[in-house]
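Below: the structure, in structure tokens.
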Amino acid sequence: MEMISRYGTPATRLVSLMKSLEYPFRNVQAGDKFAIFTDDQMDPLIWQAMMGFLHARDAEPCLCLYPKRAYHCADPSPLAVGAAKEADVVIALTTTALNSGTPGLRAIRSEGGAKGKTPIWLWEEMNQEILIDGGGSSTEEDVLEMCDLQRRIGEVFDAGKEVRVTTKAGTDLTADITGYPEGALAKRWGAVPFERDPQTGRFGLSPGTWPFGEFHVEPAPGTANGVVVWDETGQYPAGRWSEPVSVHIENGRVVDITGGHEARMIRDYLKRYGDDNSWVTGGEISIGTNKQCPPFTGNMRSEKKRYGAMHFGIGHGADRGLVTSKLRLEGIADRVTMVVDGKHTVARDGEILV
């Protein structure tokens with residue numbers, strides 16, 4: 001995953017990038033309207049490949065290019081939000097993550113052209129190597145295998161009340177996982193991505209993240225307790241970390257963040273860009289299911305999908321909608337052990353067992 005830094009990025013790599021888009025864009029039809037959000041730090045070869053592929057399918061792609069936002073989950077340009085209101089799909093090809101709890105993103109989901117909720121496909125922090133050599137190179141067979149695995153994990157969580165997550169690095173977290181509709185987790189995470197709604201014929205019901213491959217649950221507010229050790233990387237600071245970061249949680253709220261330089265940077269980041277709810281554990285407890293995502297990339301777009309790794313988020317919760325914050329921040333805990341209700345071992349040391 002270091003070819004770009006070693007050899008540069010030739011324009012001819014556009015050929016391989018186009019190939020890598022075949023699966024996620026397989027259901028694109030003539031006339032589909034796509035608004036592609038991107039910023040001035042994203043690799044232009046990626047959005048060029050995306051625009052070219054969609055144009056070749058006789059879709060209508062519109063590129064919304066604006067300066068990089070100051071922090072993760074900051075709203076996109078209001079001009080881009082305006083363009084999204086006419087789109088069938090928004091693709092978030094940005095170097096900072098987008099948060100569906102912010103005013104601009106809520107406007108897109110509720111007021112867009114997809115009659116109810118405009119789907120937002122999350123491709124933030126994407127690079128060429130993820131698409132060509134990593135998790136973005138997953139085949140249909142790979143995706144269907146992940147869907148089946150995620151469905152089985154969802155069935156365990158749907159029947160459970162509490163999850164405990166531990167790692168050899170020091171993570172030890174417990175949380176209440178009740179409160180979801182019956183069968184909701186198996187249904188959502190077992191769904192095939194980038195599908196069209198058979199009733200409306202439009203995109204909208206299926207997942208849209210790429211690379212594909214995760215199962216996540218959000219703790220009931222006020223119930224998470226323990227410590228999560230982000231031991232490899234996180235959304236901020238970007239890249240591989242030299243020292244792990246310990247996130248200390250009491251009754252669903254972060255009470256301390258300890259470690260070395262990275263921990264200090266994260267505390268400063270939260271204080272500068274976050275709000276009070278950014279310290280609440282409304283974000284997800286997740287396990288990656290994509291075996292094509294390699295370790296040690298320092299890139300959250302890939303690491304959060306990596307098989308057996310957990311990304312854990314603080315701040316806004318996307319699914320339950322019970323916590324809304326200005327900033328959500330995620331980090332990686334490697335090779336997790338997950339146990340539901342003290343008896344159902346979903347994963348042990350990064351190996352998924354269901």
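Order determines the names: the first chain of the structure tokens is A, the second B, and so forth; residues in each chain are numbered 1 upward, and ligands are numbered 1 upward as they are shown.
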
Using only C-alpha atoms, I'd like a table of the residues in segment 195-301 of chain A that come within 12 Å of segment 82-87 of chain A; for each, show the closest atom pair and its distance in Å rounded to one decimal, ordered by chain and ascending number, as JSON lines.
```
{"residue": "A:Arg202", "atom": "CA", "partner": "A:Ala87", "partner_atom": "CA", "distance": 11.3}
{"residue": "A:Phe203", "atom": "CA", "partner": "A:Ala87", "partner_atom": "CA", "distance": 10.9}
{"residue": "A:Gly204", "atom": "CA", "partner": "A:Ala87", "partner_atom": "CA", "distance": 11.8}
```

Report as a tab-separated table the residues of segment 20-74 of chain A within 10 Å of segment 264-287 of chain A, each with its shortest atom pair and distance in Å (one decimal), using only C-alpha atoms, ordered by chain and increasing residue number.
```
residue	atom	partner	partner_atom	distance
A:Ala70	CA	A:Tyr273	CA	8.7
A:Tyr71	CA	A:Tyr273	CA	7.0
A:His72	CA	A:Tyr273	CA	8.9
A:Cys73	CA	A:Tyr273	CA	9.7
A:Ala74	CA	A:Tyr273	CA	8.9
```

Output as an MDAnalysis selection string all residues of segment 267-351 of chain A that backbone DSSP marks as helix (DSSP H, G or I).
chainID A and resid 267:273 276:279 300:303

List as a ChimeraX atom specification the protein and nucleic acid residues near Thr38 of chain A, meaning an atom at most 7 Å away when only C-alpha atoms are counted, but skip any in the same chain fewer than 3 places from it.
/A:42,64-66,92-94

Within 6 Å of segment 146-158 of chain A using only C-alpha atoms, minus same-chain residues under 2 positions, as an NGL selection string:
:A and (143-144 or 160 or 183 or 185-186 or 189-190 or 215)

Restricting the calculation to only C-alpha atoms, which member of A:Asp176, A:Asp334, A:Glu182, A:Asp58 is positioned closest to Val217 of chain A?
A:Asp176

10 Å contact set for Arg164 of chain A, only C-alpha atoms, chain neighbours under 4 positions out, as a list of chain:residue names:
A:Thr171, A:Asp172, A:Leu173, A:Thr174, A:Ala175, A:Asp176, A:Ala224, A:Asn225, A:Gly226, A:Thr337, A:Met338, A:Val339, A:Val340, A:Asp341, A:Gly342, A:Thr345

If you keep N, CA and C atoms, can you produce a file of those selected residues as a compact mmCIF listing (two decimals), in the first residue's frame?
```txt
# COMPACT_ATOMS: atom_id res chain seq x y z
N THR A 171 -8.03 -2.68 25.55
CA THR A 171 -9.45 -2.36 25.44
C THR A 171 -10.26 -3.28 26.33
N ASP A 172 -11.20 -2.72 27.07
CA ASP A 172 -12.17 -3.50 27.86
C ASP A 172 -13.42 -2.64 28.02
N LEU A 173 -14.38 -2.85 27.14
CA LEU A 173 -15.57 -2.01 27.06
C LEU A 173 -16.82 -2.87 27.13
N THR A 174 -17.81 -2.42 27.91
CA THR A 174 -19.12 -3.07 27.92
C THR A 174 -20.18 -2.03 27.59
N ALA A 175 -21.26 -2.48 26.94
CA ALA A 175 -22.33 -1.56 26.57
C ALA A 175 -23.63 -2.32 26.36
N ASP A 176 -24.74 -1.64 26.63
CA ASP A 176 -26.09 -2.15 26.37
C ASP A 176 -26.37 -2.01 24.87
N ALA A 224 -22.34 2.74 28.02
CA ALA A 224 -20.98 2.27 27.72
C ALA A 224 -20.05 2.60 28.88
N ASN A 225 -19.25 1.61 29.27
CA ASN A 225 -18.29 1.80 30.35
C ASN A 225 -17.01 1.03 30.05
N GLY A 226 -15.88 1.62 30.44
CA GLY A 226 -14.60 0.94 30.28
C GLY A 226 -13.59 1.79 29.55
N THR A 337 -11.71 -9.01 20.52
CA THR A 337 -12.55 -10.10 21.00
C THR A 337 -13.89 -9.50 21.38
N MET A 338 -14.98 -10.04 20.82
CA MET A 338 -16.33 -9.54 21.08
C MET A 338 -17.18 -10.68 21.63
N VAL A 339 -17.80 -10.43 22.77
CA VAL A 339 -18.66 -11.43 23.40
C VAL A 339 -20.00 -10.79 23.72
N VAL A 340 -21.09 -11.44 23.32
CA VAL A 340 -22.44 -10.95 23.58
C VAL A 340 -23.05 -11.75 24.72
N ASP A 341 -23.56 -11.03 25.70
CA ASP A 341 -24.23 -11.62 26.87
C ASP A 341 -23.35 -12.61 27.63
N GLY A 342 -22.05 -12.43 27.53
CA GLY A 342 -21.12 -13.25 28.29
C GLY A 342 -20.98 -14.68 27.81
N THR A 345 -19.41 -15.81 21.71
CA THR A 345 -18.16 -15.20 21.25
C THR A 345 -18.25 -14.95 19.75
```

Give me, as a short mmCIF file (atom, residue, chain, number, x, y, z; two decimals) with all heavy atoms, in the first residue's frame, all polymer residues having an atom no more than 12 Å from Val90 of chain A, counting only C-alpha atoms and skipping those fewer than 5 positions away in the same chain.
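Written output follows (part.cif):
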```cif
data_model
loop_
_atom_site.label_atom_id
_atom_site.label_comp_id
_atom_site.auth_asym_id
_atom_site.auth_seq_id
_atom_site.Cartn_x
_atom_site.Cartn_y
_atom_site.Cartn_z
N ASP A 32 -29.41 8.50 -14.39
CA ASP A 32 -29.17 8.64 -12.95
C ASP A 32 -28.34 9.89 -12.70
O ASP A 32 -27.34 10.14 -13.38
CB ASP A 32 -28.42 7.42 -12.40
CG ASP A 32 -29.29 6.18 -12.29
OD1 ASP A 32 -30.52 6.32 -12.26
OD2 ASP A 32 -28.72 5.07 -12.24
N LYS A 33 -28.73 10.66 -11.69
CA LYS A 33 -28.05 11.92 -11.38
C LYS A 33 -27.19 11.75 -10.13
O LYS A 33 -27.70 11.44 -9.06
CB LYS A 33 -29.09 13.04 -11.19
CG LYS A 33 -29.86 13.37 -12.46
CD LYS A 33 -30.91 14.43 -12.21
CE LYS A 33 -32.06 13.88 -11.39
NZ LYS A 33 -33.16 14.87 -11.24
N PHE A 34 -25.88 11.97 -10.31
CA PHE A 34 -24.92 11.83 -9.21
C PHE A 34 -24.26 13.17 -8.91
O PHE A 34 -23.75 13.83 -9.82
CB PHE A 34 -23.83 10.82 -9.58
CG PHE A 34 -24.27 9.39 -9.56
CD1 PHE A 34 -24.90 8.83 -10.67
CD2 PHE A 34 -24.03 8.58 -8.46
CE1 PHE A 34 -25.30 7.51 -10.66
CE2 PHE A 34 -24.43 7.25 -8.44
CZ PHE A 34 -25.07 6.72 -9.54
N ALA A 35 -24.27 13.56 -7.65
CA ALA A 35 -23.49 14.70 -7.19
C ALA A 35 -22.27 14.15 -6.46
O ALA A 35 -22.40 13.45 -5.45
CB ALA A 35 -24.31 15.59 -6.27
N ILE A 36 -21.08 14.42 -6.98
CA ILE A 36 -19.85 13.93 -6.38
C ILE A 36 -19.22 15.07 -5.57
O ILE A 36 -18.80 16.07 -6.13
CB ILE A 36 -18.86 13.45 -7.46
CG1 ILE A 36 -19.50 12.35 -8.31
CG2 ILE A 36 -17.57 12.95 -6.81
CD1 ILE A 36 -18.69 12.00 -9.54
N PHE A 37 -19.21 14.92 -4.24
CA PHE A 37 -18.57 15.90 -3.38
C PHE A 37 -17.09 15.53 -3.25
O PHE A 37 -16.75 14.39 -2.91
CB PHE A 37 -19.18 15.87 -1.98
CG PHE A 37 -20.55 16.47 -1.87
CD1 PHE A 37 -21.29 16.82 -2.98
CD2 PHE A 37 -21.12 16.67 -0.62
CE1 PHE A 37 -22.56 17.37 -2.87
CE2 PHE A 37 -22.38 17.22 -0.49
CZ PHE A 37 -23.11 17.57 -1.61
N THR A 38 -16.22 16.49 -3.49
CA THR A 38 -14.79 16.24 -3.29
C THR A 38 -14.13 17.55 -2.89
O THR A 38 -14.74 18.62 -2.92
CB THR A 38 -14.15 15.63 -4.55
OG1 THR A 38 -12.87 15.09 -4.22
CG2 THR A 38 -14.02 16.64 -5.67
N GLU A 60 -25.72 11.12 -15.28
CA GLU A 60 -25.46 12.56 -15.25
C GLU A 60 -24.66 12.90 -14.00
O GLU A 60 -25.22 13.21 -12.95
CB GLU A 60 -26.78 13.33 -15.26
CG GLU A 60 -26.65 14.84 -15.37
CD GLU A 60 -26.09 15.29 -16.71
OE1 GLU A 60 -26.44 14.67 -17.73
OE2 GLU A 60 -25.30 16.25 -16.72
N PRO A 61 -23.30 12.84 -14.08
CA PRO A 61 -22.49 13.18 -12.90
C PRO A 61 -22.18 14.67 -12.85
O PRO A 61 -21.92 15.30 -13.87
CB PRO A 61 -21.22 12.37 -13.14
CG PRO A 61 -21.08 12.30 -14.62
CD PRO A 61 -22.48 12.33 -15.19
N CYS A 62 -22.21 15.22 -11.65
CA CYS A 62 -21.85 16.62 -11.42
C CYS A 62 -20.80 16.66 -10.32
O CYS A 62 -21.04 16.14 -9.22
CB CYS A 62 -23.07 17.44 -11.04
SG CYS A 62 -22.71 19.16 -10.62
N LEU A 63 -19.65 17.26 -10.60
CA LEU A 63 -18.57 17.35 -9.62
C LEU A 63 -18.70 18.64 -8.81
O LEU A 63 -18.76 19.73 -9.38
CB LEU A 63 -17.22 17.31 -10.31
CG LEU A 63 -16.01 17.26 -9.38
CD1 LEU A 63 -15.88 15.88 -8.75
CD2 LEU A 63 -14.74 17.63 -10.12
N CYS A 64 -18.73 18.49 -7.49
CA CYS A 64 -18.77 19.63 -6.57
C CYS A 64 -17.42 19.68 -5.84
O CYS A 64 -17.21 18.96 -4.87
CB CYS A 64 -19.91 19.50 -5.58
SG CYS A 64 -21.55 19.35 -6.35
N PRO A 76 -20.27 20.26 4.10
CA PRO A 76 -19.72 20.62 2.80
C PRO A 76 -20.13 22.04 2.42
O PRO A 76 -20.93 22.68 3.11
CB PRO A 76 -20.35 19.58 1.86
CG PRO A 76 -21.63 19.20 2.53
CD PRO A 76 -21.34 19.25 4.00
N ALA A 80 -22.62 23.02 -2.74
CA ALA A 80 -22.70 21.59 -3.01
C ALA A 80 -24.00 21.01 -2.46
O ALA A 80 -24.63 20.14 -3.08
CB ALA A 80 -21.50 20.87 -2.40
N VAL A 81 -24.41 21.49 -1.29
CA VAL A 81 -25.68 21.03 -0.72
C VAL A 81 -26.83 21.37 -1.67
O VAL A 81 -27.75 20.57 -1.88
CB VAL A 81 -25.92 21.66 0.67
CG1 VAL A 81 -27.30 21.31 1.20
CG2 VAL A 81 -24.85 21.19 1.65
N GLY A 82 -26.76 22.55 -2.29
CA GLY A 82 -27.79 22.91 -3.25
C GLY A 82 -27.82 21.99 -4.45
O GLY A 82 -28.90 21.57 -4.90
N ALA A 83 -26.64 21.62 -4.95
CA ALA A 83 -26.58 20.70 -6.08
C ALA A 83 -27.12 19.33 -5.71
O ALA A 83 -27.76 18.66 -6.53
CB ALA A 83 -25.13 20.58 -6.57
N ALA A 84 -26.87 18.91 -4.47
CA ALA A 84 -27.30 17.58 -4.03
C ALA A 84 -28.82 17.45 -4.01
O ALA A 84 -29.35 16.34 -4.11
CB ALA A 84 -26.74 17.30 -2.65
N LYS A 85 -29.52 18.56 -3.90
CA LYS A 85 -30.99 18.50 -3.84
C LYS A 85 -31.59 18.00 -5.15
O LYS A 85 -32.75 17.58 -5.18
CB LYS A 85 -31.55 19.87 -3.48
CG LYS A 85 -31.22 20.30 -2.06
CD LYS A 85 -31.79 21.66 -1.73
CE LYS A 85 -31.43 22.08 -0.31
NZ LYS A 85 -31.98 23.41 0.04
N LEU A 98 -17.84 12.93 6.32
CA LEU A 98 -19.08 13.68 6.43
C LEU A 98 -19.96 13.03 7.50
O LEU A 98 -19.97 11.81 7.65
CB LEU A 98 -19.81 13.71 5.09
CG LEU A 98 -19.11 14.49 3.98
CD1 LEU A 98 -19.95 14.48 2.71
CD2 LEU A 98 -18.85 15.93 4.40
N LEU A 105 -25.90 18.00 5.86
CA LEU A 105 -26.15 16.61 5.50
C LEU A 105 -27.57 16.19 5.83
O LEU A 105 -28.19 15.41 5.10
CB LEU A 105 -25.14 15.69 6.20
CG LEU A 105 -23.83 15.41 5.43
CD1 LEU A 105 -24.12 14.59 4.18
CD2 LEU A 105 -23.11 16.70 5.06
N ILE A 108 -29.66 17.30 2.96
CA ILE A 108 -29.54 16.42 1.80
C ILE A 108 -30.41 15.18 1.97
O ILE A 108 -31.17 14.79 1.08
CB ILE A 108 -28.08 16.01 1.57
CG1 ILE A 108 -27.25 17.23 1.13
CG2 ILE A 108 -28.00 14.90 0.51
CD1 ILE A 108 -25.77 16.96 1.09
N ARG A 109 -30.33 14.57 3.12
CA ARG A 109 -31.07 13.32 3.33
C ARG A 109 -32.58 13.54 3.34
O ARG A 109 -33.34 12.67 2.93
CB ARG A 109 -30.63 12.67 4.64
CG ARG A 109 -29.22 12.09 4.57
CD ARG A 109 -28.96 11.19 5.78
NE ARG A 109 -27.60 10.67 5.81
CZ ARG A 109 -27.19 9.61 5.15
NH1 ARG A 109 -28.03 8.95 4.36
NH2 ARG A 109 -25.94 9.18 5.24
N GLY A 112 -33.63 15.88 -0.64
CA GLY A 112 -33.04 15.62 -1.94
C GLY A 112 -34.00 15.05 -2.96
O GLY A 112 -35.18 14.81 -2.70
N GLY A 113 -33.46 14.79 -4.14
CA GLY A 113 -34.28 14.35 -5.25
C GLY A 113 -34.69 12.90 -5.21
O GLY A 113 -35.37 12.42 -6.11
N ALA A 114 -34.28 12.14 -4.20
CA ALA A 114 -34.61 10.71 -4.15
C ALA A 114 -35.90 10.44 -3.40
O ALA A 114 -36.15 9.34 -2.95
CB ALA A 114 -33.46 9.93 -3.51
N LYS A 117 -35.24 10.32 1.21
CA LYS A 117 -33.87 10.36 1.70
C LYS A 117 -32.92 10.15 0.54
O LYS A 117 -32.99 9.13 -0.13
CB LYS A 117 -33.62 9.30 2.78
CG LYS A 117 -34.26 9.61 4.12
CD LYS A 117 -33.75 8.64 5.17
CE LYS A 117 -34.26 9.01 6.55
NZ LYS A 117 -33.72 8.12 7.60
N THR A 118 -32.06 11.12 0.32
CA THR A 118 -31.07 10.96 -0.73
C THR A 118 -29.93 10.09 -0.18
O THR A 118 -29.34 10.44 0.84
CB THR A 118 -30.50 12.32 -1.15
OG1 THR A 118 -31.57 13.14 -1.61
CG2 THR A 118 -29.48 12.15 -2.27
N PRO A 119 -29.62 8.97 -0.81
CA PRO A 119 -28.50 8.15 -0.32
C PRO A 119 -27.18 8.88 -0.46
O PRO A 119 -26.93 9.54 -1.46
CB PRO A 119 -28.56 6.90 -1.20
CG PRO A 119 -29.32 7.31 -2.42
CD PRO A 119 -30.28 8.38 -1.99
N ILE A 120 -26.35 8.77 0.57
CA ILE A 120 -25.02 9.35 0.55
C ILE A 120 -24.02 8.20 0.65
O ILE A 120 -23.95 7.51 1.67
CB ILE A 120 -24.81 10.35 1.70
CG1 ILE A 120 -25.85 11.47 1.62
CG2 ILE A 120 -23.40 10.93 1.66
CD1 ILE A 120 -25.80 12.45 2.77
N TRP A 121 -23.30 7.96 -0.43
CA TRP A 121 -22.31 6.88 -0.46
C TRP A 121 -20.98 7.43 0.08
O TRP A 121 -20.43 8.39 -0.47
CB TRP A 121 -22.13 6.37 -1.89
CG TRP A 121 -23.36 5.69 -2.44
CD1 TRP A 121 -24.52 5.42 -1.79
CD2 TRP A 121 -23.53 5.18 -3.77
NE1 TRP A 121 -25.42 4.79 -2.61
CE2 TRP A 121 -24.83 4.62 -3.84
CE3 TRP A 121 -22.72 5.14 -4.90
CZ2 TRP A 121 -25.33 4.04 -5.00
CZ3 TRP A 121 -23.22 4.56 -6.06
CH2 TRP A 121 -24.50 4.01 -6.11
N LEU A 122 -20.50 6.80 1.13
CA LEU A 122 -19.32 7.31 1.84
C LEU A 122 -18.04 6.68 1.28
O LEU A 122 -17.82 5.48 1.42
CB LEU A 122 -19.46 7.02 3.33
CG LEU A 122 -20.68 7.65 4.01
CD1 LEU A 122 -20.75 7.24 5.48
CD2 LEU A 122 -20.66 9.16 3.87
N TRP A 123 -17.20 7.52 0.69
CA TRP A 123 -15.92 7.09 0.12
C TRP A 123 -14.80 7.99 0.63
O TRP A 123 -13.79 8.17 -0.05
CB TRP A 123 -15.97 7.15 -1.40
CG TRP A 123 -16.92 6.21 -2.09
CD1 TRP A 123 -18.21 5.96 -1.76
CD2 TRP A 123 -16.65 5.42 -3.26
NE1 TRP A 123 -18.77 5.08 -2.65
CE2 TRP A 123 -17.83 4.73 -3.58
CE3 TRP A 123 -15.53 5.25 -4.07
CZ2 TRP A 123 -17.93 3.87 -4.68
CZ3 TRP A 123 -15.63 4.41 -5.16
CH2 TRP A 123 -16.81 3.71 -5.45
N PHE A 203 -31.98 4.10 -6.27
CA PHE A 203 -31.05 3.78 -5.19
C PHE A 203 -31.61 4.33 -3.89
O PHE A 203 -32.32 5.33 -3.88
CB PHE A 203 -29.68 4.41 -5.45
CG PHE A 203 -28.92 3.79 -6.58
CD1 PHE A 203 -28.76 4.47 -7.78
CD2 PHE A 203 -28.35 2.53 -6.45
CE1 PHE A 203 -28.05 3.92 -8.83
CE2 PHE A 203 -27.64 1.97 -7.50
CZ PHE A 203 -27.49 2.66 -8.69
N GLY A 204 -31.28 3.67 -2.78
CA GLY A 204 -31.74 4.25 -1.53
C GLY A 204 -31.73 3.34 -0.33
O GLY A 204 -31.40 3.78 0.77
N GLY A 208 -23.97 1.95 1.02
CA GLY A 208 -23.24 2.55 -0.09
C GLY A 208 -21.82 2.93 0.25
O GLY A 208 -21.30 3.87 -0.33
N THR A 209 -21.21 2.25 1.20
CA THR A 209 -19.83 2.56 1.53
C THR A 209 -18.88 1.66 0.73
O THR A 209 -19.19 0.51 0.43
CB THR A 209 -19.55 2.35 3.03
OG1 THR A 209 -19.81 0.99 3.38
CG2 THR A 209 -20.43 3.25 3.87
#
```

Residue among A:Ile132, A:Met18, A:Ala59, A:Val163 lying closest to Ala30 of chain A, counting only C-alpha atoms:
A:Ala59
